[in-house]
$ cat final_13.txt   # compact mmCIF, N, CA, C and O atoms and all ligand atoms
# COMPACT_ATOMS: atom_id res chain seq x y z
N MET I 10 89.16 110.09 101.94
CA MET I 10 90.10 109.21 102.64
C MET I 10 90.94 108.42 101.65
O MET I 10 90.47 108.04 100.59
N HIS I 11 92.19 108.15 102.03
CA HIS I 11 93.06 107.40 101.13
C HIS I 11 93.14 105.92 101.50
O HIS I 11 93.88 105.17 100.89
N GLU I 12 92.36 105.51 102.50
CA GLU I 12 92.40 104.11 102.92
C GLU I 12 91.99 103.14 101.80
O GLU I 12 92.53 102.05 101.72
N LEU I 13 91.05 103.56 100.96
CA LEU I 13 90.64 102.68 99.86
C LEU I 13 91.82 102.41 98.93
O LEU I 13 92.11 101.27 98.58
N ALA I 14 92.54 103.49 98.58
CA ALA I 14 93.71 103.34 97.71
C ALA I 14 94.78 102.47 98.38
O ALA I 14 95.41 101.64 97.72
N LEU I 15 94.94 102.65 99.69
CA LEU I 15 95.94 101.84 100.41
C LEU I 15 95.54 100.36 100.42
O LEU I 15 96.38 99.48 100.25
N THR I 16 94.24 100.13 100.60
CA THR I 16 93.75 98.75 100.62
C THR I 16 93.94 98.11 99.25
O THR I 16 94.36 96.96 99.14
N GLU I 17 93.70 98.87 98.20
CA GLU I 17 93.95 98.37 96.84
C GLU I 17 95.44 98.09 96.64
O GLU I 17 95.81 97.14 95.96
N GLY I 18 96.27 98.92 97.26
CA GLY I 18 97.72 98.71 97.21
C GLY I 18 98.12 97.39 97.84
O GLY I 18 98.99 96.68 97.33
N ILE I 19 97.49 97.06 98.96
CA ILE I 19 97.76 95.79 99.63
C ILE I 19 97.42 94.63 98.69
O ILE I 19 98.18 93.69 98.53
N LEU I 20 96.26 94.76 98.04
CA LEU I 20 95.82 93.71 97.12
C LEU I 20 96.75 93.58 95.92
O LEU I 20 96.96 92.47 95.42
N SER I 21 97.32 94.69 95.47
CA SER I 21 98.21 94.57 94.32
C SER I 21 99.53 93.90 94.74
O SER I 21 100.14 93.19 93.95
N ILE I 22 99.94 94.10 96.00
CA ILE I 22 101.12 93.37 96.51
C ILE I 22 100.81 91.88 96.54
O ILE I 22 101.61 91.05 96.12
N VAL I 23 99.60 91.54 97.03
CA VAL I 23 99.19 90.14 97.08
C VAL I 23 99.22 89.52 95.68
O VAL I 23 99.75 88.43 95.49
N SER I 24 98.67 90.23 94.69
CA SER I 24 98.61 89.60 93.37
C SER I 24 99.99 89.50 92.73
O SER I 24 100.27 88.54 92.02
N SER I 25 100.90 90.43 93.02
CA SER I 25 102.23 90.28 92.43
C SER I 25 103.00 89.15 93.13
O SER I 25 103.77 88.43 92.50
N GLU I 26 102.77 88.98 94.44
CA GLU I 26 103.37 87.84 95.15
C GLU I 26 102.83 86.51 94.61
O GLU I 26 103.55 85.53 94.53
N GLN I 27 101.56 86.54 94.27
CA GLN I 27 100.92 85.32 93.78
C GLN I 27 101.52 84.89 92.43
O GLN I 27 101.68 83.71 92.16
N LYS I 28 101.87 85.90 91.62
CA LYS I 28 102.50 85.60 90.34
C LYS I 28 103.86 84.92 90.56
O LYS I 28 104.25 84.04 89.83
N LYS I 29 104.56 85.38 91.60
CA LYS I 29 105.88 84.83 91.89
C LYS I 29 105.80 83.44 92.49
O LYS I 29 106.55 82.56 92.15
N SER I 30 104.89 83.26 93.48
CA SER I 30 104.93 81.99 94.20
C SER I 30 103.68 81.12 94.07
O SER I 30 103.59 80.09 94.74
N ALA I 31 102.75 81.52 93.23
CA ALA I 31 101.60 80.67 92.88
C ALA I 31 100.87 80.00 94.04
O ALA I 31 100.61 78.81 94.00
N PHE I 32 100.58 80.74 95.08
CA PHE I 32 99.78 80.17 96.17
C PHE I 32 98.30 80.30 95.82
O PHE I 32 97.92 81.10 94.97
N ALA I 33 97.49 79.51 96.50
CA ALA I 33 96.06 79.51 96.19
C ALA I 33 95.30 80.55 96.99
O ALA I 33 94.34 81.16 96.52
N ARG I 34 95.77 80.76 98.23
CA ARG I 34 94.97 81.53 99.14
C ARG I 34 95.87 82.26 100.14
O ARG I 34 96.90 81.74 100.55
N VAL I 35 95.44 83.44 100.54
CA VAL I 35 96.17 84.17 101.58
C VAL I 35 95.40 83.97 102.88
O VAL I 35 94.19 84.19 102.94
N LEU I 36 96.11 83.51 103.91
CA LEU I 36 95.47 83.28 105.20
C LEU I 36 95.56 84.51 106.09
O LEU I 36 94.64 84.82 106.84
N GLU I 37 96.69 85.19 106.00
CA GLU I 37 96.90 86.32 106.89
C GLU I 37 97.80 87.35 106.23
O GLU I 37 98.73 87.01 105.51
N ILE I 38 97.49 88.62 106.48
CA ILE I 38 98.31 89.71 105.98
C ILE I 38 98.74 90.54 107.18
O ILE I 38 97.90 91.03 107.94
N ASP I 39 100.05 90.65 107.37
CA ASP I 39 100.57 91.46 108.48
C ASP I 39 100.94 92.84 107.97
O ASP I 39 101.77 92.98 107.06
N LEU I 40 100.36 93.84 108.57
CA LEU I 40 100.61 95.22 108.14
C LEU I 40 101.31 95.99 109.26
O LEU I 40 101.02 95.79 110.44
N CYS I 41 102.21 96.87 108.86
CA CYS I 41 102.83 97.78 109.83
C CYS I 41 102.31 99.18 109.55
O CYS I 41 102.40 99.67 108.42
N ILE I 42 101.78 99.80 110.57
CA ILE I 42 101.19 101.12 110.40
C ILE I 42 101.83 102.09 111.39
O ILE I 42 101.75 101.91 112.60
N GLY I 43 102.49 103.09 110.86
CA GLY I 43 103.13 104.09 111.71
C GLY I 43 102.08 104.91 112.46
O GLY I 43 101.02 105.21 111.92
N GLU I 44 102.44 105.24 113.68
CA GLU I 44 101.57 106.02 114.56
C GLU I 44 101.15 107.34 113.91
O GLU I 44 100.05 107.83 114.13
N TYR I 45 102.06 107.92 113.12
CA TYR I 45 101.79 109.20 112.48
C TYR I 45 101.54 109.06 110.98
O TYR I 45 101.65 110.01 110.25
N SER I 46 101.22 107.85 110.53
CA SER I 46 101.03 107.65 109.09
C SER I 46 99.71 108.23 108.62
O SER I 46 99.50 108.45 107.44
N GLY I 47 98.80 108.47 109.55
CA GLY I 47 97.49 108.98 109.17
C GLY I 47 96.55 107.88 108.71
O GLY I 47 95.41 108.15 108.36
N VAL I 48 97.03 106.64 108.71
CA VAL I 48 96.19 105.53 108.27
C VAL I 48 95.28 105.09 109.42
O VAL I 48 95.74 104.94 110.54
N ILE I 49 94.02 104.93 109.11
CA ILE I 49 93.07 104.52 110.14
C ILE I 49 92.79 103.02 109.97
O ILE I 49 92.15 102.62 109.01
N PRO I 50 93.31 102.20 110.91
CA PRO I 50 93.18 100.75 110.77
C PRO I 50 91.73 100.28 110.58
O PRO I 50 91.48 99.38 109.79
N SER I 51 90.78 100.91 111.25
CA SER I 51 89.39 100.45 111.11
C SER I 51 88.86 100.68 109.70
O SER I 51 88.01 99.92 109.23
N CYS I 52 89.36 101.69 109.01
CA CYS I 52 88.97 101.92 107.61
C CYS I 52 89.54 100.84 106.71
O CYS I 52 88.86 100.38 105.79
N ILE I 53 90.78 100.45 106.96
CA ILE I 53 91.39 99.37 106.17
C ILE I 53 90.56 98.11 106.36
O ILE I 53 90.24 97.40 105.39
N GLU I 54 90.19 97.84 107.60
CA GLU I 54 89.40 96.65 107.90
C GLU I 54 88.04 96.68 107.21
O GLU I 54 87.51 95.64 106.81
N GLU I 55 87.52 97.86 107.06
CA GLU I 55 86.21 98.01 106.44
C GLU I 55 86.29 97.81 104.92
O GLU I 55 85.45 97.16 104.32
N PHE I 56 87.34 98.37 104.31
CA PHE I 56 87.48 98.27 102.86
C PHE I 56 87.98 96.90 102.40
O PHE I 56 87.65 96.46 101.31
N PHE I 57 88.77 96.27 103.27
CA PHE I 57 89.44 95.05 102.84
C PHE I 57 88.51 93.97 102.26
O PHE I 57 88.77 93.47 101.16
N PRO I 58 87.43 93.62 102.96
CA PRO I 58 86.55 92.56 102.40
C PRO I 58 85.97 92.93 101.03
O PRO I 58 85.77 92.06 100.19
N LEU I 59 85.73 94.22 100.82
CA LEU I 59 85.18 94.66 99.53
C LEU I 59 86.22 94.52 98.42
O LEU I 59 85.92 94.02 97.33
N VAL I 60 87.43 94.96 98.72
CA VAL I 60 88.49 94.95 97.71
C VAL I 60 89.00 93.52 97.47
O VAL I 60 89.36 93.15 96.35
N ALA I 61 88.99 92.70 98.53
CA ALA I 61 89.56 91.35 98.43
C ALA I 61 88.58 90.33 97.87
O ALA I 61 88.95 89.20 97.58
N LYS I 62 87.34 90.76 97.72
CA LYS I 62 86.31 89.84 97.23
C LYS I 62 86.71 89.19 95.91
O LYS I 62 87.20 89.86 95.00
N GLU I 63 86.57 87.88 95.86
CA GLU I 63 86.92 87.10 94.68
C GLU I 63 88.39 87.19 94.28
O GLU I 63 88.74 87.02 93.11
N THR I 64 89.26 87.47 95.25
CA THR I 64 90.70 87.37 95.00
C THR I 64 91.24 86.31 95.95
O THR I 64 90.52 85.82 96.82
N ALA I 65 92.54 86.03 95.81
CA ALA I 65 93.18 85.04 96.69
C ALA I 65 93.16 85.49 98.15
O ALA I 65 93.30 84.69 99.06
N ALA I 66 92.98 86.77 98.35
CA ALA I 66 93.02 87.31 99.72
C ALA I 66 91.65 87.36 100.39
O ALA I 66 91.55 87.80 101.54
N GLU I 67 90.64 86.90 99.70
CA GLU I 67 89.31 86.94 100.30
C GLU I 67 89.30 86.11 101.59
O GLU I 67 89.77 84.97 101.62
N GLY I 68 88.80 86.71 102.65
CA GLY I 68 88.72 86.00 103.93
C GLY I 68 90.01 85.98 104.74
O GLY I 68 90.05 85.42 105.82
N ALA I 69 91.08 86.61 104.21
CA ALA I 69 92.35 86.63 104.94
C ALA I 69 92.21 87.47 106.21
O ALA I 69 91.43 88.43 106.26
N ARG I 70 92.99 87.09 107.22
CA ARG I 70 92.98 87.83 108.47
C ARG I 70 93.97 88.99 108.36
O ARG I 70 95.10 88.82 107.88
N LEU I 71 93.57 90.16 108.79
CA LEU I 71 94.47 91.30 108.79
C LEU I 71 95.05 91.48 110.20
O LEU I 71 94.31 91.57 111.16
N VAL I 72 96.37 91.50 110.26
CA VAL I 72 97.02 91.75 111.55
C VAL I 72 97.75 93.08 111.42
O VAL I 72 98.61 93.23 110.56
N MET I 73 97.36 94.04 112.23
CA MET I 73 97.96 95.37 112.10
C MET I 73 98.81 95.70 113.30
O MET I 73 98.35 95.65 114.43
N LYS I 74 100.05 96.02 113.02
CA LYS I 74 100.97 96.39 114.09
C LYS I 74 101.21 97.88 114.00
O LYS I 74 101.47 98.42 112.93
N THR I 75 101.17 98.53 115.14
CA THR I 75 101.45 99.95 115.17
C THR I 75 102.95 100.17 115.37
O THR I 75 103.55 99.55 116.24
N VAL I 76 103.52 101.02 114.52
CA VAL I 76 104.93 101.37 114.67
C VAL I 76 105.01 102.68 115.43
O VAL I 76 104.44 103.69 115.00
N LYS I 77 105.68 102.65 116.57
CA LYS I 77 105.82 103.85 117.41
C LYS I 77 106.65 104.91 116.71
O LYS I 77 107.62 104.60 116.03
N ALA I 78 106.27 106.14 116.91
CA ALA I 78 107.03 107.24 116.34
C ALA I 78 108.36 107.39 117.08
O ALA I 78 108.43 107.17 118.29
N GLU I 79 109.39 107.75 116.33
CA GLU I 79 110.68 108.03 116.94
C GLU I 79 111.21 109.33 116.38
O GLU I 79 111.02 109.64 115.21
N PHE I 80 111.88 110.06 117.24
CA PHE I 80 112.42 111.35 116.84
C PHE I 80 113.91 111.42 117.15
O PHE I 80 114.41 110.72 118.02
N GLU I 81 114.56 112.32 116.41
CA GLU I 81 115.97 112.53 116.63
C GLU I 81 116.19 114.03 116.79
O GLU I 81 115.61 114.82 116.04
N CYS I 82 116.97 114.39 117.78
CA CYS I 82 117.24 115.82 118.02
C CYS I 82 118.55 116.20 117.36
O CYS I 82 119.57 115.55 117.57
N ALA I 83 118.52 117.26 116.58
CA ALA I 83 119.72 117.71 115.87
C ALA I 83 120.69 118.40 116.82
O ALA I 83 121.88 118.51 116.54
N ASP I 84 120.21 118.86 117.97
CA ASP I 84 121.08 119.61 118.88
C ASP I 84 121.82 118.74 119.90
O ASP I 84 123.00 118.92 120.12
N CYS I 85 121.09 117.80 120.54
CA CYS I 85 121.77 117.00 121.58
C CYS I 85 121.91 115.53 121.20
O CYS I 85 122.51 114.75 121.93
N GLY I 86 121.33 115.13 120.08
CA GLY I 86 121.48 113.74 119.64
C GLY I 86 120.47 112.78 120.26
O GLY I 86 120.55 111.58 120.05
N PHE I 87 119.51 113.30 121.03
CA PHE I 87 118.49 112.44 121.61
C PHE I 87 117.80 111.65 120.51
O PHE I 87 117.51 112.16 119.43
N HIS I 88 117.52 110.39 120.82
CA HIS I 88 116.79 109.58 119.86
C HIS I 88 115.79 108.74 120.63
O HIS I 88 116.16 108.01 121.55
N GLY I 89 114.54 108.90 120.33
CA GLY I 89 113.56 108.10 121.06
C GLY I 89 112.15 108.60 120.83
O GLY I 89 111.87 109.29 119.85
N THR I 90 111.29 108.24 121.74
CA THR I 90 109.88 108.55 121.62
C THR I 90 109.45 109.53 122.70
O THR I 90 109.25 109.13 123.84
N PRO I 91 109.35 110.79 122.38
CA PRO I 91 108.89 111.75 123.38
C PRO I 91 107.38 111.66 123.57
O PRO I 91 106.72 110.90 122.89
N GLU I 92 106.87 112.42 124.50
CA GLU I 92 105.43 112.49 124.71
C GLU I 92 104.74 112.79 123.39
O GLU I 92 105.24 113.58 122.58
N LYS I 93 103.58 112.19 123.20
CA LYS I 93 102.85 112.43 121.97
C LYS I 93 102.53 113.93 121.84
O LYS I 93 102.18 114.58 122.83
N HIS I 94 102.68 114.43 120.64
CA HIS I 94 102.40 115.81 120.30
C HIS I 94 103.40 116.81 120.89
O HIS I 94 103.21 118.01 120.80
N ALA I 95 104.46 116.31 121.54
CA ALA I 95 105.49 117.23 122.03
C ALA I 95 106.21 117.79 120.81
O ALA I 95 106.56 117.05 119.91
N ALA I 96 106.39 119.07 120.78
CA ALA I 96 107.01 119.68 119.61
C ALA I 96 108.48 119.99 119.83
O ALA I 96 109.11 120.63 119.01
N CYS I 97 109.01 119.56 120.98
CA CYS I 97 110.43 119.82 121.21
C CYS I 97 111.10 118.63 121.89
O CYS I 97 110.45 117.72 122.39
N CYS I 98 112.42 118.67 121.91
CA CYS I 98 113.22 117.59 122.47
C CYS I 98 113.02 117.51 123.99
O CYS I 98 113.11 118.52 124.68
N PRO I 99 112.76 116.30 124.51
CA PRO I 99 112.53 116.17 125.96
C PRO I 99 113.81 116.33 126.78
O PRO I 99 113.74 116.54 127.99
N VAL I 100 114.96 116.28 126.15
CA VAL I 100 116.22 116.39 126.87
C VAL I 100 116.70 117.84 126.92
O VAL I 100 116.95 118.40 127.99
N CYS I 101 116.78 118.49 125.76
CA CYS I 101 117.36 119.84 125.73
C CYS I 101 116.35 120.91 125.35
O CYS I 101 116.66 122.09 125.38
N GLY I 102 115.12 120.52 125.00
CA GLY I 102 114.10 121.52 124.68
C GLY I 102 114.20 122.11 123.29
O GLY I 102 113.41 122.98 122.91
N SER I 103 115.14 121.62 122.50
CA SER I 103 115.30 122.12 121.13
C SER I 103 114.09 121.75 120.26
O SER I 103 113.47 120.71 120.47
N THR I 104 113.80 122.60 119.30
CA THR I 104 112.71 122.26 118.38
C THR I 104 113.25 121.66 117.09
O THR I 104 112.50 121.39 116.16
N ALA I 105 114.56 121.48 117.04
CA ALA I 105 115.18 120.90 115.84
C ALA I 105 115.09 119.38 115.89
O ALA I 105 116.10 118.67 115.86
N ILE I 106 113.86 118.87 116.00
CA ILE I 106 113.70 117.42 116.04
C ILE I 106 113.10 116.94 114.73
O ILE I 106 112.34 117.64 114.08
N ARG I 107 113.48 115.74 114.38
CA ARG I 107 113.11 115.17 113.10
C ARG I 107 112.51 113.79 113.36
O ARG I 107 113.06 113.03 114.15
N MET I 108 111.43 113.49 112.67
CA MET I 108 110.82 112.17 112.84
C MET I 108 111.61 111.14 112.05
O MET I 108 111.85 111.32 110.86
N THR I 109 112.03 110.07 112.71
CA THR I 109 112.80 109.03 112.01
C THR I 109 111.98 107.76 111.81
O THR I 109 112.35 106.89 111.05
N ALA I 110 110.88 107.63 112.52
CA ALA I 110 109.98 106.49 112.32
C ALA I 110 108.58 106.91 112.72
O ALA I 110 108.42 107.85 113.51
N GLY I 111 107.59 106.23 112.18
CA GLY I 111 106.22 106.54 112.58
C GLY I 111 105.30 106.91 111.43
O GLY I 111 104.11 107.04 111.61
N ARG I 112 105.89 107.07 110.22
CA ARG I 112 105.04 107.43 109.08
C ARG I 112 104.84 106.27 108.13
O ARG I 112 104.23 106.42 107.08
N GLU I 113 105.35 105.10 108.49
CA GLU I 113 105.33 103.99 107.54
C GLU I 113 103.97 103.30 107.42
O GLU I 113 103.14 103.35 108.31
N PHE I 114 103.80 102.68 106.29
CA PHE I 114 102.65 101.81 106.07
C PHE I 114 103.08 100.78 105.06
O PHE I 114 103.39 101.12 103.93
N TYR I 115 103.20 99.54 105.48
CA TYR I 115 103.64 98.52 104.54
C TYR I 115 103.18 97.13 104.95
O TYR I 115 102.80 96.90 106.09
N VAL I 116 103.22 96.22 103.97
CA VAL I 116 102.91 94.82 104.23
C VAL I 116 104.19 94.16 104.72
O VAL I 116 105.20 94.14 104.02
N GLU I 117 104.15 93.67 105.95
CA GLU I 117 105.35 93.06 106.53
C GLU I 117 105.47 91.60 106.13
O GLU I 117 106.56 91.09 105.90
N ASN I 118 104.33 90.94 106.09
CA ASN I 118 104.38 89.49 105.84
C ASN I 118 103.03 89.00 105.29
O ASN I 118 101.99 89.55 105.63
N LEU I 119 103.12 87.97 104.47
CA LEU I 119 101.92 87.30 103.97
C LEU I 119 102.00 85.84 104.38
O LEU I 119 103.03 85.21 104.20
N ILE I 120 100.93 85.33 104.96
CA ILE I 120 100.90 83.90 105.25
C ILE I 120 99.94 83.29 104.23
O ILE I 120 98.77 83.70 104.14
N VAL I 121 100.47 82.36 103.44
CA VAL I 121 99.70 81.82 102.33
C VAL I 121 99.53 80.32 102.43
O VAL I 121 100.19 79.66 103.23
N ASP I 122 98.63 79.81 101.63
CA ASP I 122 98.35 78.39 101.66
C ASP I 122 98.61 77.82 100.28
O ASP I 122 98.23 78.42 99.28
ZN ZN I 201 117.78 117.66 122.24
$ encode --input "final_13.txt" --output "C-alpha cells"
Amino acid sequence: MHELALTEGILSIVSSEQKKSAFARVLEIDLCIGEYSGVIPSCIEEFFPLVAKETAAEGARLVMKTVKAEFECADCGFHGTPEKHAACCPVCGSTAIRMTAGREFYVENLIVD
C-alpha cells in the first residue's frame, strides 16, 4: 500500500509549513481525496498517529473530503459525473471520455496554533 508514503508526504508538508510560519502545533489537517485516487482514508487514519508521533502534527484532527469524479466527453462535450464505473458517455454513448477530476490527493488546509 502507498498510504504510508502518502501519510509521510502530509507530514513533510506540515514540517515545511512550520519552517515558514513557525507554529507550535497543528490542530487540524484538511485533505482532499479523489474518488478514483485509490487512496483509502481509513489507512491514512491508521498511519497518521504513527507518523505524526512527536511532531507538531501529533494529535491533529484529520478531515477528509472526497472529490467526486468528473468526466468530459470528446464527442458531445458532456461534462459531469456519470454513473460510477460507467465506461461511456451518458449523453451520446461515446467511449471517448476523459477523467478531469477524481484522482487528486492533497492537503487543502492546515489549522495551526
Ligand atoms: Zn458524449
$ closest_residue --input "final_13.txt" --among "I:Cys82, I:Ala105, I:Leu40, I:Leu119" --to "Ser25 of chain I" --atoms "only C-alpha atoms"
I:Leu119
$ closest_atom_pairs --input "final_13.txt" --of "chain I" --to "ligand ZN 201 (chain I)" --cutoff "5 Å" --atoms "all atoms listed in the file" --output "Markdown table"
| residue | atom | partner | partner_atom | distance |
| --- | --- | --- | --- | --- |
| I:Cys82 | CA | I:ZN201 | ZN | 4.6 |
| I:Asp84 | C | I:ZN201 | ZN | 4.8 |
| I:Cys85 | N | I:ZN201 | ZN | 3.7 |
| I:Gly86 | N | I:ZN201 | ZN | 4.9 |
| I:Phe87 | N | I:ZN201 | ZN | 4.8 |
| I:Cys98 | CA | I:ZN201 | ZN | 4.6 |
| I:Val100 | C | I:ZN201 | ZN | 4.8 |
| I:Cys101 | N | I:ZN201 | ZN | 3.8 |
| I:Gly102 | N | I:ZN201 | ZN | 4.8 |
| I:Ser103 | N | I:ZN201 | ZN | 4.8 |
$ residues_around --input "final_13.txt" --residues "Glu113 of chain I" --least-positions-apart "2" --cutoff "7 Å" --atoms "all atoms listed in the file" --output "ChimeraX atom specification"
/I:41-48,74,76,110-111,115
$ residues_around --input "final_13.txt" --residues "segment 56-63 of chain I" --least-positions-apart "5" --cutoff "9 Å" --atoms "only C-alpha atoms" --output "MDAnalysis selection string"
chainID I and resid 12:13 16:17 19:20 51 68:69 71
$ atom_distance --input "final_13.txt" --atom1 "atom CA of Met73 of chain I" --atom2 "atom CA of Ala95 of chain I"
25.2 Å
$ closest_residue --input "final_13.txt" --among "I:Ser21, I:Glu92, I:Asp122, I:Phe80" --to "Ile106 of chain I" --atoms "only C-alpha atoms"
I:Phe80
$ closest_residue --input "final_13.txt" --among "I:Ala78, I:Ala83, I:Cys52, I:Val72" --to "Glu117 of chain I" --atoms "only C-alpha atoms"
I:Val72
$ atom_distance --input "final_13.txt" --atom1 "atom C of His11 of chain I" --atom2 "atom C of Ile53 of chain I"
9.6 Å
$ select_by_dssp --input "final_13.txt" --residues "segment 37-73 of chain I" --states "strand (DSSP E or B)" --output "ChimeraX atom specification"
/I:37-43,70-73
$ write_last_selection --input "final_13.txt" --atoms "N, CA, C and O atoms" --output "compact mmCIF listing (two decimals), in the frame of the given file"
# COMPACT_ATOMS: atom_id res chain seq x y z
N GLU I 37 96.69 85.19 106.00
CA GLU I 37 96.90 86.32 106.89
C GLU I 37 97.80 87.35 106.23
O GLU I 37 98.73 87.01 105.51
N ILE I 38 97.49 88.62 106.48
CA ILE I 38 98.31 89.71 105.98
C ILE I 38 98.74 90.54 107.18
O ILE I 38 97.90 91.03 107.94
N ASP I 39 100.05 90.65 107.37
CA ASP I 39 100.57 91.46 108.48
C ASP I 39 100.94 92.84 107.97
O ASP I 39 101.77 92.98 107.06
N LEU I 40 100.36 93.84 108.57
CA LEU I 40 100.61 95.22 108.14
C LEU I 40 101.31 95.99 109.26
O LEU I 40 101.02 95.79 110.44
N CYS I 41 102.21 96.87 108.86
CA CYS I 41 102.83 97.78 109.83
C CYS I 41 102.31 99.18 109.55
O CYS I 41 102.40 99.67 108.42
N ILE I 42 101.78 99.80 110.57
CA ILE I 42 101.19 101.12 110.40
C ILE I 42 101.83 102.09 111.39
O ILE I 42 101.75 101.91 112.60
N GLY I 43 102.49 103.09 110.86
CA GLY I 43 103.13 104.09 111.71
C GLY I 43 102.08 104.91 112.46
O GLY I 43 101.02 105.21 111.92
N ARG I 70 92.99 87.09 107.22
CA ARG I 70 92.98 87.83 108.47
C ARG I 70 93.97 88.99 108.36
O ARG I 70 95.10 88.82 107.88
N LEU I 71 93.57 90.16 108.79
CA LEU I 71 94.47 91.30 108.79
C LEU I 71 95.05 91.48 110.20
O LEU I 71 94.31 91.57 111.16
N VAL I 72 96.37 91.50 110.26
CA VAL I 72 97.02 91.75 111.55
C VAL I 72 97.75 93.08 111.42
O VAL I 72 98.61 93.23 110.56
N MET I 73 97.36 94.04 112.23
CA MET I 73 97.96 95.37 112.10
C MET I 73 98.81 95.70 113.30
O MET I 73 98.35 95.65 114.43
$ atom_distance --input "final_13.txt" --atom1 "atom CA of Val23 of chain I" --atom2 "atom CA of Thr75 of chain I"
20.7 Å
$ closest_residue --input "final_13.txt" --among "I:Phe114, I:Arg107, I:Ala65, I:Pro91" --to "Glu37 of chain I" --atoms "all atoms listed in the file"
I:Ala65
$ select_by_dssp --input "final_13.txt" --residues "segment 24-100 of chain I" --states "helix (DSSP H, G or I)" --output "ChimeraX atom specification"
/I:24-30,50-61
$ closest_residue --input "final_13.txt" --among "I:Thr104, I:Asn118, I:Ser30, I:Thr109" --to "Glu79 of chain I" --atoms "only N, CA, C and O atoms"
I:Thr109
$ closest_residue --input "final_13.txt" --among "I:Cys97, I:Ala66, I:Val116, I:Ala14" --to "Arg34 of chain I" --atoms "only C-alpha atoms"
I:Ala66
$ axis_aligned_box --input "final_13.txt" --around "segment 39-47 of chain I" --padding-each-side "8 Å" --output "AutoDock Vina command-line options"
--center_x 99.3 --center_y 100.3 --center_z 110.8 --size_x 23.7 --size_y 35.4 --size_z 23.5
$ decode --input "final_13.txt" --residues "segment 94-99 of chain I" --atoms "all heavy atoms" --output "mmCIF file, in the first residue's frame"
data_model
loop_
_atom_site.group_PDB
_atom_site.id
_atom_site.type_symbol
_atom_site.label_atom_id
_atom_site.label_comp_id
_atom_site.auth_asym_id
_atom_site.auth_seq_id
_atom_site.Cartn_x
_atom_site.Cartn_y
_atom_site.Cartn_z
ATOM 1 N N HIS I 94 -18.417 3.680 -12.517
ATOM 2 C CA HIS I 94 -17.952 2.566 -13.335
ATOM 3 C C HIS I 94 -18.543 2.553 -14.747
ATOM 4 O O HIS I 94 -18.343 1.606 -15.493
ATOM 5 C CB HIS I 94 -18.190 1.211 -12.653
ATOM 6 C CG HIS I 94 -17.583 1.140 -11.279
ATOM 7 N ND1 HIS I 94 -16.252 1.411 -11.055
ATOM 8 C CD2 HIS I 94 -18.122 0.882 -10.075
ATOM 9 C CE1 HIS I 94 -16.005 1.297 -9.750
ATOM 10 N NE2 HIS I 94 -17.123 0.987 -9.136
ATOM 11 N N ALA I 95 -19.303 3.585 -15.114
ATOM 12 C CA ALA I 95 -19.791 3.659 -16.490
ATOM 13 C C ALA I 95 -18.587 3.934 -17.385
ATOM 14 O O ALA I 95 -17.772 4.786 -17.079
ATOM 15 C CB ALA I 95 -20.811 4.774 -16.623
ATOM 16 N N ALA I 96 -18.480 3.195 -18.443
ATOM 17 C CA ALA I 96 -17.309 3.351 -19.299
ATOM 18 C C ALA I 96 -17.611 4.182 -20.537
ATOM 19 O O ALA I 96 -16.794 4.291 -21.431
ATOM 20 C CB ALA I 96 -16.770 1.986 -19.698
ATOM 21 N N CYS I 97 -18.829 4.738 -20.588
ATOM 22 C CA CYS I 97 -19.142 5.562 -21.756
ATOM 23 C C CYS I 97 -19.959 6.791 -21.352
ATOM 24 O O CYS I 97 -20.472 6.886 -20.242
ATOM 25 C CB CYS I 97 -19.866 4.731 -22.807
ATOM 26 S SG CYS I 97 -21.419 4.071 -22.212
ATOM 27 N N CYS I 98 -20.068 7.719 -22.285
ATOM 28 C CA CYS I 98 -20.771 8.979 -22.048
ATOM 29 C C CYS I 98 -22.271 8.727 -21.857
ATOM 30 O O CYS I 98 -22.887 8.034 -22.665
ATOM 31 C CB CYS I 98 -20.533 9.889 -23.253
ATOM 32 S SG CYS I 98 -21.514 11.386 -23.204
ATOM 33 N N PRO I 99 -22.866 9.304 -20.806
ATOM 34 C CA PRO I 99 -24.292 9.074 -20.553
ATOM 35 C C PRO I 99 -25.193 9.801 -21.556
ATOM 36 O O PRO I 99 -26.375 9.491 -21.667
ATOM 37 C CB PRO I 99 -24.505 9.633 -19.139
ATOM 38 C CG PRO I 99 -23.405 10.608 -18.934
ATOM 39 C CD PRO I 99 -22.241 10.115 -19.757
#
